[in-house]
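Source file protein.tsv; content: TSV, C-alpha atoms.
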```tsv
chain	number	residue	atom	x	y	z
S	376	MET	CA	16.60	41.16	62.05
S	377	GLU	CA	16.82	39.70	65.55
S	378	SER	CA	14.11	40.16	68.17
S	379	LEU	CA	16.73	41.73	70.43
S	380	ASP	CA	16.84	44.65	68.01
S	381	HIS	CA	13.04	44.97	68.16
S	382	SER	CA	13.46	45.54	71.89
S	383	VAL	CA	16.10	48.19	71.21
S	384	LEU	CA	13.67	50.10	69.01
S	385	ARG	CA	10.90	49.82	71.60
S	386	ASP	CA	13.23	51.17	74.28
S	387	ALA	CA	14.41	54.00	72.04
S	388	LEU	CA	10.81	54.97	71.27
S	389	ALA	CA	9.83	54.93	74.95
S	390	TRP	CA	12.84	57.06	75.87
S	391	HIS	CA	12.12	59.55	73.11
S	392	GLN	CA	8.49	59.80	74.21
S	393	GLY	CA	9.71	60.33	77.77
S	394	GLY	CA	11.67	63.41	76.75
S	395	TYR	CA	15.16	61.92	76.55
S	396	ARG	CA	17.57	62.57	73.69
S	397	VAL	CA	18.44	59.28	72.00
S	398	SER	CA	21.14	58.13	69.60
S	399	LEU	CA	20.94	54.95	67.49
S	400	VAL	CA	24.03	53.03	66.39
S	401	THR	CA	23.90	50.37	63.63
S	402	VAL	CA	26.60	47.86	62.72
S	403	VAL	CA	27.14	48.24	58.96
S	404	GLN	CA	30.29	46.20	58.37
S	405	THR	CA	32.59	43.84	60.28
S	406	TRP	CA	36.00	42.32	59.63
S	407	GLY	CA	37.57	39.43	61.48
S	408	SER	CA	35.85	38.17	64.61
S	409	ALA	CA	32.73	40.19	65.47
S	410	PRO	CA	30.19	39.31	68.20
S	411	ARG	CA	27.32	41.20	66.55
S	412	PRO	CA	26.32	41.00	62.86
S	413	PRO	CA	25.62	43.83	60.42
S	414	GLY	CA	22.25	45.36	61.23
S	415	ALA	CA	22.66	44.97	65.00
S	416	LEU	CA	21.42	47.98	66.96
S	417	LEU	CA	22.42	49.93	70.04
S	418	ALA	CA	20.34	52.76	71.53
S	419	ILE	CA	22.06	55.27	73.83
S	420	ARG	CA	20.15	57.68	76.05
S	421	ASP	CA	21.55	61.08	76.94
S	422	ASP	CA	22.14	59.95	80.56
S	423	GLY	CA	24.24	56.97	79.41
S	424	VAL	CA	21.60	54.24	79.69
S	425	VAL	CA	21.85	51.77	76.78
S	426	SER	CA	19.77	49.07	75.12
S	427	GLY	CA	21.25	46.43	72.81
S	428	SER	CA	24.86	46.11	71.72
S	429	VAL	CA	27.13	46.44	68.71
S	430	SER	CA	30.03	44.41	70.11
S	431	GLY	CA	30.75	42.12	73.01
S	432	GLY	CA	31.00	45.19	75.23
S	433	CYS	CA	34.34	46.28	73.76
S	434	VAL	CA	33.36	49.67	72.33
S	435	GLU	CA	30.15	50.55	74.14
S	436	ASP	CA	31.83	52.67	76.84
S	437	ASP	CA	33.55	54.78	74.22
S	438	LEU	CA	30.30	55.14	72.28
S	439	ILE	CA	28.43	56.24	75.41
S	440	ALA	CA	31.03	58.93	76.17
S	441	ARG	CA	31.14	60.05	72.53
S	442	THR	CA	27.34	60.15	72.33
S	443	GLN	CA	26.81	62.07	75.53
S	444	THR	CA	29.28	64.71	74.36
S	445	SER	CA	27.55	64.95	70.97
S	446	LEU	CA	24.04	65.10	72.40
S	447	ARG	CA	25.00	67.83	74.85
S	448	SER	CA	26.69	69.91	72.16
S	449	HIS	CA	23.62	69.67	69.90
S	450	ALA	CA	21.01	70.04	72.64
S	451	SER	CA	19.76	73.41	71.37
S	452	ALA	CA	20.55	72.94	67.68
S	453	PRO	CA	17.61	73.95	65.43
S	454	GLU	CA	18.58	71.27	62.85
S	455	PRO	CA	19.38	67.62	63.61
S	456	ASP	CA	23.03	66.61	63.41
S	457	LYS	CA	23.85	64.40	60.44
S	458	PRO	CA	24.46	60.65	60.76
S	459	ALA	CA	28.13	59.77	61.13
S	460	VAL	CA	30.32	56.78	60.30
S	461	ILE	CA	32.47	55.46	63.15
S	462	ALA	CA	35.19	52.81	62.78
S	463	TYR	CA	36.83	50.75	65.54
S	464	GLY	CA	39.79	48.42	65.36
S	465	VAL	CA	41.09	49.66	62.02
S	466	THR	CA	44.66	49.36	63.32
S	467	GLN	CA	46.16	46.67	65.55
S	468	GLU	CA	46.77	49.29	68.24
S	469	GLU	CA	43.11	50.34	68.23
S	470	ALA	CA	41.91	46.74	68.25
S	471	ALA	CA	44.09	46.11	71.31
S	472	ARG	CA	42.88	49.32	72.98
S	473	PHE	CA	39.21	48.40	72.69
S	474	GLY	CA	39.73	44.71	73.28
S	475	LEU	CA	38.20	43.63	69.98
S	476	PRO	CA	38.58	39.86	69.63
S	477	CYS	CA	41.07	38.41	67.14
S	478	GLY	CA	41.86	41.82	65.70
S	479	GLY	CA	38.25	42.33	64.57
S	480	SER	CA	37.05	45.65	63.19
S	481	LEU	CA	33.69	47.39	63.23
S	482	ARG	CA	32.16	50.04	61.03
S	483	LEU	CA	29.13	51.76	62.55
S	484	VAL	CA	26.60	54.41	61.61
S	485	GLN	CA	25.38	56.67	64.41
S	486	GLU	CA	22.29	58.89	64.14
S	487	SER	CA	20.20	61.05	66.44
S	488	LEU	CA	16.59	59.99	66.94
S	489	ARG	CA	14.88	63.35	66.43
S	490	ASP	CA	11.66	62.14	64.77
S	491	ALA	CA	10.52	58.77	66.12
S	492	SER	CA	7.39	58.42	63.98
S	493	TRP	CA	9.18	55.92	61.72
S	494	VAL	CA	9.92	53.73	64.74
S	495	THR	CA	6.21	53.54	65.58
S	496	GLN	CA	5.34	52.67	61.98
S	497	LEU	CA	8.12	50.09	61.72
S	498	LEU	CA	7.19	48.28	64.94
S	499	SER	CA	3.55	48.19	63.86
S	500	ARG	CA	4.43	46.68	60.50
S	501	ILE	CA	6.72	43.97	61.85
S	502	GLU	CA	4.08	43.02	64.43
S	503	GLN	CA	1.84	42.36	61.41
S	504	HIS	CA	4.57	39.98	60.15
S	505	GLN	CA	5.70	42.29	57.37
S	506	VAL	CA	9.31	42.52	56.21
S	507	VAL	CA	10.34	46.17	55.97
S	508	ALA	CA	13.39	48.00	54.61
S	509	ARG	CA	14.44	51.20	56.36
S	510	THR	CA	16.57	53.63	54.36
S	511	LEU	CA	18.56	56.33	56.14
S	512	ASP	CA	19.79	59.33	54.14
S	513	MET	CA	23.29	60.09	55.44
S	514	ALA	CA	23.10	63.68	54.20
S	515	ASN	CA	20.17	64.77	56.35
S	516	GLY	CA	19.08	61.86	58.56
S	517	ALA	CA	15.74	61.41	56.77
S	518	VAL	CA	14.20	57.93	57.05
S	519	ALA	CA	11.97	56.12	54.54
S	520	LEU	CA	10.24	52.73	54.93
S	521	GLN	CA	9.54	50.35	52.06
S	522	ASP	CA	8.36	46.77	51.63
S	523	ALA	CA	11.19	44.24	51.61
S	524	VAL	CA	11.63	40.50	51.16
S	525	ARG	CA	13.04	37.91	53.53
S	526	GLY	CA	16.77	37.46	52.98
S	527	GLN	CA	17.34	40.98	51.64
S	528	ALA	CA	20.75	42.13	52.86
S	529	LEU	CA	21.89	45.32	54.53
S	530	GLN	CA	23.27	47.85	52.05
S	531	PHE	CA	25.54	50.81	52.76
S	532	ASP	CA	27.27	52.91	50.11
S	533	GLY	CA	28.24	55.91	52.20
S	534	THR	CA	25.24	57.90	50.96
S	535	THR	CA	22.36	55.76	52.19
S	536	LEU	CA	22.02	52.94	54.69
S	537	THR	CA	19.29	50.35	54.12
S	538	THR	CA	18.58	47.82	56.84
S	539	VAL	CA	15.91	45.12	56.78
S	540	PHE	CA	13.57	44.47	59.69
S	541	GLY	CA	11.59	41.26	59.86
S	542	PRO	CA	8.98	39.88	62.24
S	543	LYS	CA	9.69	37.85	65.32
S	544	TRP	CA	10.17	34.14	64.67
S	545	ARG	CA	6.95	32.30	65.43
S	546	LEU	CA	6.27	28.73	66.58
S	547	LEU	CA	2.84	27.11	66.34
S	548	LEU	CA	2.37	23.96	68.42
S	549	ILE	CA	-0.42	21.54	67.61
S	550	GLY	CA	-1.36	20.02	70.95
S	551	ALA	CA	-0.96	21.24	74.52
S	552	GLY	CA	0.31	18.07	76.20
S	553	GLN	CA	3.43	17.52	78.30
S	554	ILE	CA	5.91	17.69	75.42
S	555	SER	CA	4.24	20.80	74.01
S	556	ARG	CA	4.55	22.51	77.38
S	557	ALA	CA	8.29	21.77	77.48
S	558	VAL	CA	8.75	23.00	73.89
S	559	ALA	CA	6.71	26.15	74.60
S	560	GLN	CA	8.71	26.98	77.71
S	561	MET	CA	12.06	26.63	75.95
S	562	ALA	CA	10.88	28.44	72.82
S	563	THR	CA	9.78	31.40	74.92
S	564	LEU	CA	13.26	31.62	76.43
S	565	LEU	CA	14.65	31.55	72.87
S	566	ASP	CA	12.47	34.59	72.08
S	567	PHE	CA	10.01	32.86	69.77
S	568	GLU	CA	6.44	34.04	69.65
S	569	VAL	CA	4.72	30.82	70.76
S	570	LEU	CA	1.19	29.88	69.78
S	571	CYS	CA	-0.68	26.68	70.58
S	572	CYS	CA	-3.87	25.09	69.27
S	573	ASP	CA	-5.57	22.17	70.97
S	574	PRO	CA	-9.36	21.69	70.80
S	575	ARG	CA	-9.13	19.43	73.87
S	576	GLU	CA	-10.10	22.00	76.48
S	577	GLU	CA	-8.60	20.19	79.45
S	578	TYR	CA	-5.12	20.30	77.87
S	579	ALA	CA	-5.35	23.89	76.65
S	580	ALA	CA	-6.67	25.22	79.96
S	581	ASN	CA	-3.73	23.85	81.93
S	582	LEU	CA	-1.18	25.25	79.49
S	583	ALA	CA	-2.81	28.70	79.62
S	584	VAL	CA	-2.48	28.76	83.41
S	585	ASP	CA	1.13	27.57	83.54
S	586	LEU	CA	2.48	29.47	80.51
S	587	PRO	CA	0.60	32.78	80.14
S	588	ALA	CA	3.09	34.01	77.52
S	589	VAL	CA	1.82	31.36	75.08
S	590	ARG	CA	-1.10	32.50	72.93
S	591	LEU	CA	-3.85	29.91	72.61
S	592	LEU	CA	-5.70	29.68	69.31
S	593	ALA	CA	-9.33	28.56	69.35
S	594	GLY	CA	-10.84	26.02	66.97
S	595	MET	CA	-9.37	23.13	65.04
S	596	PRO	CA	-5.63	23.05	64.27
S	597	ASP	CA	-6.03	23.10	60.48
S	598	ASP	CA	-8.16	26.24	60.74
S	599	ALA	CA	-5.52	27.82	62.98
S	600	VAL	CA	-2.78	27.19	60.40
S	601	ARG	CA	-4.88	28.75	57.62
S	602	GLU	CA	-5.92	31.76	59.66
S	603	LEU	CA	-2.43	32.74	60.85
S	604	PRO	CA	-1.42	32.57	57.96
S	605	ALA	CA	1.79	30.56	58.29
S	606	ASP	CA	4.63	32.52	56.66
S	607	ALA	CA	8.38	32.14	56.16
S	608	HIS	CA	9.00	33.20	59.78
S	609	THR	CA	6.76	30.43	61.14
S	610	ALA	CA	7.57	26.91	62.33
S	611	ILE	CA	4.79	24.37	62.94
S	612	VAL	CA	5.13	21.21	65.02
S	613	ALA	CA	2.37	18.62	65.52
S	614	LEU	CA	2.69	17.01	68.95
S	615	THR	CA	-0.70	15.49	69.81
S	616	HIS	CA	0.19	12.03	68.43
S	617	ASP	CA	-3.46	11.89	67.31
S	618	PRO	CA	-3.94	11.63	63.51
S	619	LYS	CA	-7.37	13.25	63.77
S	620	LEU	CA	-5.72	16.45	64.98
S	621	ASP	CA	-2.22	16.26	63.53
S	622	ASP	CA	-2.92	15.18	59.95
S	623	MET	CA	-5.28	17.99	58.94
S	624	ALA	CA	-2.98	20.58	60.50
S	625	LEU	CA	0.03	19.08	58.70
S	626	LEU	CA	-1.88	19.14	55.42
S	627	GLU	CA	-2.34	22.91	55.72
S	628	ALA	CA	1.18	23.44	57.08
S	629	LEU	CA	2.87	21.59	54.22
S	630	LYS	CA	1.02	23.75	51.70
S	631	SER	CA	1.96	26.95	53.55
S	632	ASN	CA	5.13	29.05	53.51
S	633	ALA	CA	6.22	27.85	56.96
S	634	PHE	CA	9.99	27.36	57.03
S	635	TYR	CA	9.69	24.25	59.22
S	636	VAL	CA	6.99	21.60	59.57
S	637	GLY	CA	7.51	18.65	61.92
S	638	ALA	CA	5.53	15.91	63.63
S	639	LEU	CA	6.10	13.75	66.68
S	640	GLY	CA	6.33	10.00	66.13
S	641	SER	CA	8.60	7.09	65.33
S	642	ARG	CA	9.90	6.41	61.83
S	643	LEU	CA	7.23	3.75	61.37
S	644	ASN	CA	4.50	6.19	62.36
S	645	GLN	CA	5.96	8.82	60.05
S	646	GLN	CA	5.85	6.39	57.14
S	647	LYS	CA	2.20	5.63	57.88
S	648	ARG	CA	1.44	9.34	58.21
S	649	LYS	CA	3.01	10.13	54.85
S	650	GLN	CA	1.08	7.30	53.24
S	651	ARG	CA	-2.19	8.67	54.65
S	652	LEU	CA	-1.39	12.20	53.50
S	653	ALA	CA	-0.41	10.99	50.04
S	654	GLU	CA	-3.45	8.73	49.59
S	655	HIS	CA	-6.20	10.96	50.96
S	656	PHE	CA	-5.01	14.50	50.30
S	657	ASP	CA	-3.72	16.49	47.37
S	658	LEU	CA	-0.09	16.75	48.42
S	659	THR	CA	2.82	16.61	46.01
S	660	ALA	CA	6.00	14.63	46.66
S	661	THR	CA	7.83	17.91	47.20
S	662	GLU	CA	5.32	19.03	49.82
S	663	LEU	CA	5.50	15.69	51.63
S	664	ALA	CA	9.29	15.86	51.63
S	665	ARG	CA	9.08	19.04	53.71
S	666	LEU	CA	7.79	17.08	56.70
S	667	HIS	CA	10.44	16.59	59.39
S	668	GLY	CA	9.95	13.35	61.22
S	669	PRO	CA	10.80	11.80	63.50
S	670	VAL	CA	10.92	15.39	64.73
S	671	GLY	CA	14.10	16.86	66.19
S	672	LEU	CA	17.83	16.17	66.04
S	673	ALA	CA	19.03	12.66	66.84
S	674	LEU	CA	20.09	13.20	70.44
S	675	GLY	CA	18.65	9.97	71.80
S	676	ALA	CA	16.19	12.10	73.78
S	677	ARG	CA	13.86	10.33	76.20
S	678	THR	CA	12.23	12.85	78.53
S	679	PRO	CA	9.85	15.64	77.48
S	680	GLY	CA	12.58	18.19	78.21
S	681	GLU	CA	15.15	16.36	76.12
S	682	ILE	CA	12.68	15.96	73.26
S	683	ALA	CA	11.87	19.69	73.46
S	684	LEU	CA	15.57	20.49	73.27
S	685	SER	CA	16.06	18.30	70.19
S	686	VAL	CA	13.00	19.77	68.44
S	687	LEU	CA	14.06	23.35	69.01
S	688	ALA	CA	17.67	22.57	68.07
S	689	GLU	CA	16.46	21.33	64.68
S	690	ILE	CA	14.17	24.33	64.20
S	691	ILE	CA	17.01	26.74	64.95
S	692	GLN	CA	19.33	24.78	62.69
S	693	ILE	CA	16.87	25.09	59.78
S	694	LYS	CA	16.19	28.75	60.59
S	695	ASN	CA	19.90	29.52	60.49
S	696	GLY	CA	20.50	27.51	57.30
S	697	VAL	CA	22.93	25.05	58.89
S	698	ALA	CA	23.31	21.52	57.49
S	699	SER	CA	22.63	18.77	60.03
S	700	PRO	CA	25.78	17.06	61.38
S	701	LEU	CA	23.68	14.46	63.20
S	702	PRO	CA	22.05	11.88	60.88
S	703	TRP	CA	19.40	9.63	62.33
S	704	GLY	CA	20.83	6.49	63.87
S	705	ALA	CA	19.21	3.27	65.08
S	706	VAL	CA	17.43	5.15	67.86
S	707	GLY	CA	16.36	8.73	67.30
S	708	THR	CA	14.91	11.57	69.31
S	709	THR	CA	11.33	10.35	69.63
S	710	GLU	CA	11.85	6.70	68.77
S	711	ARG	CA	11.77	5.33	72.30
S	712	LEU	CA	8.67	7.23	73.42
S	713	CYS	CA	6.65	7.11	70.21
S	714	THR	CA	6.67	3.68	68.62
```

Would it be possible to restate this file's structure as structure tokens?
Amino acid sequence: MESLDHSVLRDALAWHQGGYRVSLVTVVQTWGSAPRPPGALLAIRDDGVVSGSVSGGCVEDDLIARTQTSLRSHASAPEPDKPAVIAYGVTQEEAARFGLPCGGSLRLVQESLRDASWVTQLLSRIEQHQVVARTLDMANGAVALQDAVRGQALQFDGTTLTTVFGPKWRLLLIGAGQISRAVAQMATLLDFEVLCCDPREEYAANLAVDLPAVRLLAGMPDDAVRELPADAHTAIVALTHDPKLDDMALLEALKSNAFYVGALGSRLNQQKRKQRLAEHFDLTATELARLHGPVGLALGARTPGEIALSVLAEIIQIKNGVASPLPWGAVGTTERLCT
């Protein structure tokens, strides 16, 4: 689940607690070109205010009008109205009417948020980095939460709808130097939860002042990796260029469930680093092979900002399961700065 949809749930909860009537809309199936994937959420307040989206803006106006009519008609109903299935773009005429791209079609489930206790529980669990499945009973609107696993897909059979909610993607930076600051700033814009560990107080203090959204972790980097703990929603990048700090953190990171582990340095330095890790620590060949380095896509990056862009591009590429189209050439991302 995307962090955008976490925000939708937080808005819906706040509106409900503020006395508004709220409707939730979930994308359950798409055909053709669709801007939002299955599982995407839209919250609609009874005064027409919305949070999130289920299309590129094509069907939201119709949903707002439909929802306001429904909420008004059920305002005094003793029992909650049942969830409903809504389809858009089933015919070419309807696709043209709503402006759906390339003849795309959407199938949505709309429900009234009468009892928001499940939203509170769900948000609490994903903040603890749990993966949670939410099952909606289409017959009565009842909601149940269960443990889920990463990669579990949305399921809808007309009787129940099960959507999977995962934690926010997290990035741990080892080191708070100039490159780390650039990476942290960009990662925050990309909606990562950014953490940084650097026992060198002068570096960490400056980063805390300039980037208050970044959470600083005290202690040594290897302890920070262990204490997180690093899970399948976590990326770890070592950027101090100091083996005393980077190597121990990488040792713990490579043994963790982190989906991405990278380290700054030239190819020569990466070879030396892998030799050190192999000779002095109990790492298998498979664990060593997980180390990305030189870190980032081969963009020929030179400045801290360009290096940050290449690092985050590679992290997002791995996160999204996309094969790299850019093999390393004679000069890579960090080659010029880190020989």

**Message:** Show me, as a list of chain:residue names, the residues that have an atom within 12 Å of S:Ala588 when counting only C-alpha atoms, minus same-chain residues fewer than 4 positions from it.
**Reply:** S:Arg556, S:Ala559, S:Gln560, S:Met561, S:Ala562, S:Thr563, S:Leu564, S:Asp566, S:Phe567, S:Glu568, S:Val569, S:Leu570, S:Cys571, S:Leu582, S:Ala583, S:Val584

**Prompt:** Quick one: residues within 7 Å of stretch 386-400 of chain S, all atoms listed in the file counted, chain neighbours fewer than 3 positions away excluded, as a PyMOL selection string?
**Reply:** chain S and resi 382-383+416-421+426+483-488+491+494

**Request:** Tell me, in Å to one decimal, how far atom CA of S:Gly696 is from atom CA of S:Thr537.
**Result:** 23.1 Å

**Prompt:** Interatomic distance between atom CA of S:Leu592 and atom CA of S:Cys572?
**Reply:**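 We find that atom CA of S:Leu592 and atom CA of S:Cys572 lie 4.9 Å from each other.
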
**Message:** Could you list, as a list in words, every residue within 6 Å of S:Val686, counting all atoms listed in the file and ignoring same-chain residues fewer than 3 positions away?
**Reply:**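 The contact residues come out as Gly671, Ala683 and Glu689 of chain S.
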
**Asked** To one decimal place, how far is atom CA of S:Thr535 from atom CA of S:Ala462 in Å?
**Response**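 Separating atom CA of S:Thr535 from atom CA of S:Ala462 is a distance of 16.9 Å.
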
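Shortest separation to S:Ala440 among S:Gly423, S:Glu576, S:Leu620, S:Ser428 occurs at residue S:Gly423, atoms counted being only C-alpha atoms.
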
**Prompt:** From the list S:Lys457, S:Lys649, S:Arg590, S:Arg500, which residue is nearest S:Asn515 when using all atoms listed in the file?
**Reply:**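 Nearest candidate to S:Asn515 out of S:Lys457, S:Lys649, S:Arg590, S:Arg500: S:Lys457.
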
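Taking only C-alpha atoms into account, S:Lys543 lies nearest to S:Leu498 out of the set S:Ala519, S:Val424, S:Leu481, S:Leu498.
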
List the neighbours of stretch 604-612 of chain S out to 7 Å using all atoms listed in the file; skip same-chain residues closer than 6 positions along the sequence, and give me the result as a tab-separated table (two decimals) with C-alpha atoms, in the coordinates of the input.
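Full text of out-v4.tsv as output:
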```tsv
chain	number	residue	atom	x	y	z
S	544	TRP	CA	10.17	34.14	64.67
S	545	ARG	CA	6.95	32.30	65.43
S	546	LEU	CA	6.27	28.73	66.58
S	547	LEU	CA	2.84	27.11	66.34
S	548	LEU	CA	2.37	23.96	68.42
S	549	ILE	CA	-0.42	21.54	67.61
S	628	ALA	CA	1.18	23.44	57.08
S	631	SER	CA	1.96	26.95	53.55
S	632	ASN	CA	5.13	29.05	53.51
S	633	ALA	CA	6.22	27.85	56.96
S	634	PHE	CA	9.99	27.36	57.03
S	635	TYR	CA	9.69	24.25	59.22
S	636	VAL	CA	6.99	21.60	59.57
S	637	GLY	CA	7.51	18.65	61.92
S	638	ALA	CA	5.53	15.91	63.63
```

**Message:** Distance cut-off 6 Å, centre (16.6, 42.5, 55.8) in file coordinates, counting only C-alpha atoms: which residues qualify? Return them as a PyMOL selection string.
**Reply:** chain S and resi 526-528+538-540
